[in-house]
Amino acid sequence: MILLTAAQSRELDRLSQQKYGVDSYELMTNAGEAVARTIARRWPEAMARGVLVVAGKGNNGGDGLVAARRLHQTGERARAVLLARRTDLRGDAARACSDLDATGGVIIEVADEPALAAALGEPAGVIVDAIFGTGLNAEVGGLARRAIEVINAAAAPVVAVDIASGVNSDTGAVMGEAVRAAVTVTFGFAKYGHVSYPGAALTGCLEIAEIGFAPEAIRDVAPRGRFLERTDVLALIRPRADNTHKGTYGHPLIIAGSRGKSGAALLVARGALRAGAGLVTAAIPESVALIVAAGQTELMTEPMPDHDGHFDAVTSIKRLEELVSGKTALIAGPGMGASDDTRRIVEWLAHSARPECPLLLDADALNVLAPIRPDVLRAARGPVVLTPHPGEMARLLGVSTGDVNADRIVSARKLIEATGAGVLLKGARSVIVTPEHDVFVNSSGNPGMGTPGMGDVLAGIIGALLGQGMSAADALKLGVFIHGYAADRLAARIGPAGYLASELADELPAAFVS
């Protein structure tokens, strides 16, 4: 599913009108009528109690006024509360107001809170939120904020026009206060704020209405954003030919684990094996090698020189120089510990390991590079993939976790600009940004994934896909979706919480084919 920014939405609208001759009021009419049809289809019985349209003075309000007119013309009880004076309206919004007036529709102008309370006091069966559209970029206050509070306190279902008022279209952030919609009807294409939290939780069911944008205009805009759904990743799953063997499907090398963190190495390995890697080798500190070897019998283990249960960099690197030969992907970081030895190993992997061999850095491999060490990663001899969670991303960028989550896409872009690596920012609706500036927001996954080891399994999945020759972008897309999809299958079968990372790994084979 294509995703647009607010600027791209404006450009799509501008190009359709100015370059390709689409009438602007026709677009508004089609948008408002699409909202009216949604209401009639979803809540035919509730409409008997009336439809309340709360409209701002911009084009979003104009869309709402068209919806009110359409409902009125079909014999429904509809009234519009305008958070402005009619004389404040301009352009198509003013025309929509005039057309509603001409049909005898009810328009109530409100300029202060007492008038708002009186106008919104009468119960309605359905409420239409047409206060702000996708261009909102400042905190909501005043009369609009109070209107949003009243809408949210009402018992009626709410239909948001284009996006729930108060939600930032680019980030999903709540700009002070936002409408909680049961349904959002957006136009042409979805927006990042529809699928990014917290906005995603306020969108309700998203409907995308075709309203007549010029097809050539979207080609001109050339959006690079996608919401990853199963249909988007199915083509990336490669069928296996009958005459293949374990040597056909890659051989990732995992550098992970330490005393007390042997489980991290095991979970990475389990994720890689269950994702179809032909062979998997784990290089782990010698003091935990027996634990790891006993925990996954299909795994090949290489004990590394250690001290106090952690990698000894100088002697381990000498051994790793031999081990990287013949490997098709390198995965480093989980459970290693944020030490100088880990940092030396990561630097060696980036600078001196097998040329062209993809390198995935996760967990402690990222922590030892914080703040960002672009000198390390830009000098890498092969493709590099970074898979931080928000806390790790915050350390890399030298900001707070709140700053990262306030704009996850921009945060990922900053990391790419500094490192040149592909980035997966994990979390609810994980974000992938590639060095080519493609952006993907993942749809799969659920809160039950908030348990230890999930990220380790994900590193193994992506590493296995990289090791099978998949591009970094495709490995990230397929890996993150299948990871969440396997969790969704577990949540449906055994319950919304309490399933384990190891169980998710075991669910992967079925997730790849069903």
# chains A, B, ... in the order shown; residues from 1 in each chain; ligands from 1
>>> closest_atom_pairs(of="segment 164-198 of chain A", to="segment 7-28 of chain A", cutoff="10 Å", atoms="only C-alpha atoms", output="CSV")
residue,atom,partner,partner_atom,distance
A:Ser169,CA,A:Ala7,CA,9.6
A:Asp170,CA,A:Ala7,CA,9.0
A:Phe187,CA,A:Ser9,CA,9.3
A:Gly188,CA,A:Ser9,CA,8.9
A:Phe189,CA,A:Ser9,CA,8.4
A:Ala190,CA,A:Ser9,CA,9.5
A:Lys191,CA,A:Ser9,CA,8.3
>>> residues_around(residues="Leu253 of chain A", least_positions_apart="6", cutoff="12 Å", atoms="only C-alpha atoms", output="PyMOL selection string")
chain A and resi 265+268-269+272-273+277-284+299-302+320-333+349+353-354+357-360+459-460+463-464+466-467
>>> select_by_dssp(residues="segment 2-205 of chain A", states="helix (DSSP H, G or I)", output="VMD selection string")
chain A and resid 6 to 19 24 to 42 46 to 49 59 to 73 86 to 88 91 to 102 113 to 120 142 to 153 192 to 195 199 to 203
>>> atom_distance(atom1="atom CA of Ala34 of chain A", atom2="atom CA of Asp101 of chain A")
20.0 Å
>>> closest_atom_pairs(of="segment 100-188 of chain A", to="segment 408-423 of chain A", cutoff="12 Å", atoms="only C-alpha atoms", output="Markdown table")
| residue | atom | partner | partner_atom | distance |
| --- | --- | --- | --- | --- |
| A:Asp170 | CA | A:Ile409 | CA | 8.9 |
| A:Thr171 | CA | A:Arg408 | CA | 7.4 |
| A:Gly172 | CA | A:Arg408 | CA | 9.7 |
| A:Ala173 | CA | A:Arg408 | CA | 10.3 |
>>> select_by_dssp(residues="segment 196-311 of chain A", states="strand (DSSP E or B)", output="list in words")
Cys205, Leu206, Glu207, Ile208, Ala209, Gly225, Arg226, Phe227, Leu228, Pro252, Leu253, Ile254, Ile255, Thr281, Ala282, Ala283, Ile284, Pro285, Met300, Thr301, Glu302, Pro303, Met304, Asp306, His307, His310 and Phe311 of chain A
>>> atom_distance(atom1="atom CA of Gly257 of chain A", atom2="atom CA of Gly335 of chain A")
4.3 Å
>>> residues_around(residues="Ala380 of chain A", least_positions_apart="4", cutoff="7 Å", atoms="only C-alpha atoms", output="PyMOL selection string")
chain A and resi 350-351+376
>>> write_last_selection(atoms="N, CA, C and O atoms", output="CSV table (one decimal), in the first residue's frame")
chain,number,residue,atom,x,y,z
A,350,ALA,N,33.6,-4.8,10.1
A,350,ALA,CA,33.2,-3.8,9.1
A,350,ALA,C,34.4,-3.6,8.2
A,350,ALA,O,34.2,-3.4,6.9
A,351,HIS,N,35.6,-3.5,8.7
A,351,HIS,CA,36.7,-3.1,7.8
A,351,HIS,C,37.5,-4.3,7.1
A,351,HIS,O,38.0,-4.1,6.0
A,376,VAL,N,33.5,4.0,11.1
A,376,VAL,CA,33.5,2.5,11.1
A,376,VAL,C,32.6,2.0,10.0
A,376,VAL,O,33.0,1.1,9.2
>>> closest_atom_pairs(of="segment 342-390 of chain A", to="segment 394-404 of chain A", cutoff="7 Å", atoms="only C-alpha atoms", output="JSON lines")
{"residue": "A:Leu369", "atom": "CA", "partner": "A:Leu396", "partner_atom": "CA", "distance": 6.9}
{"residue": "A:Ala370", "atom": "CA", "partner": "A:Leu396", "partner_atom": "CA", "distance": 4.3}
{"residue": "A:Pro371", "atom": "CA", "partner": "A:Leu396", "partner_atom": "CA", "distance": 4.3}
{"residue": "A:Ile372", "atom": "CA", "partner": "A:Leu396", "partner_atom": "CA", "distance": 4.8}
{"residue": "A:Pro390", "atom": "CA", "partner": "A:Thr401", "partner_atom": "CA", "distance": 5.8}
>>> closest_residue(among="A:Ala294, A:Ala119, A:Ala511, A:Val126", to="Arg42 of chain A", atoms="only C-alpha atoms")
A:Val126
>>> closest_residue(among="A:Arg270, A:Arg224, A:Arg429, A:Lys261", to="His389 of chain A", atoms="only C-alpha atoms")
A:Arg429
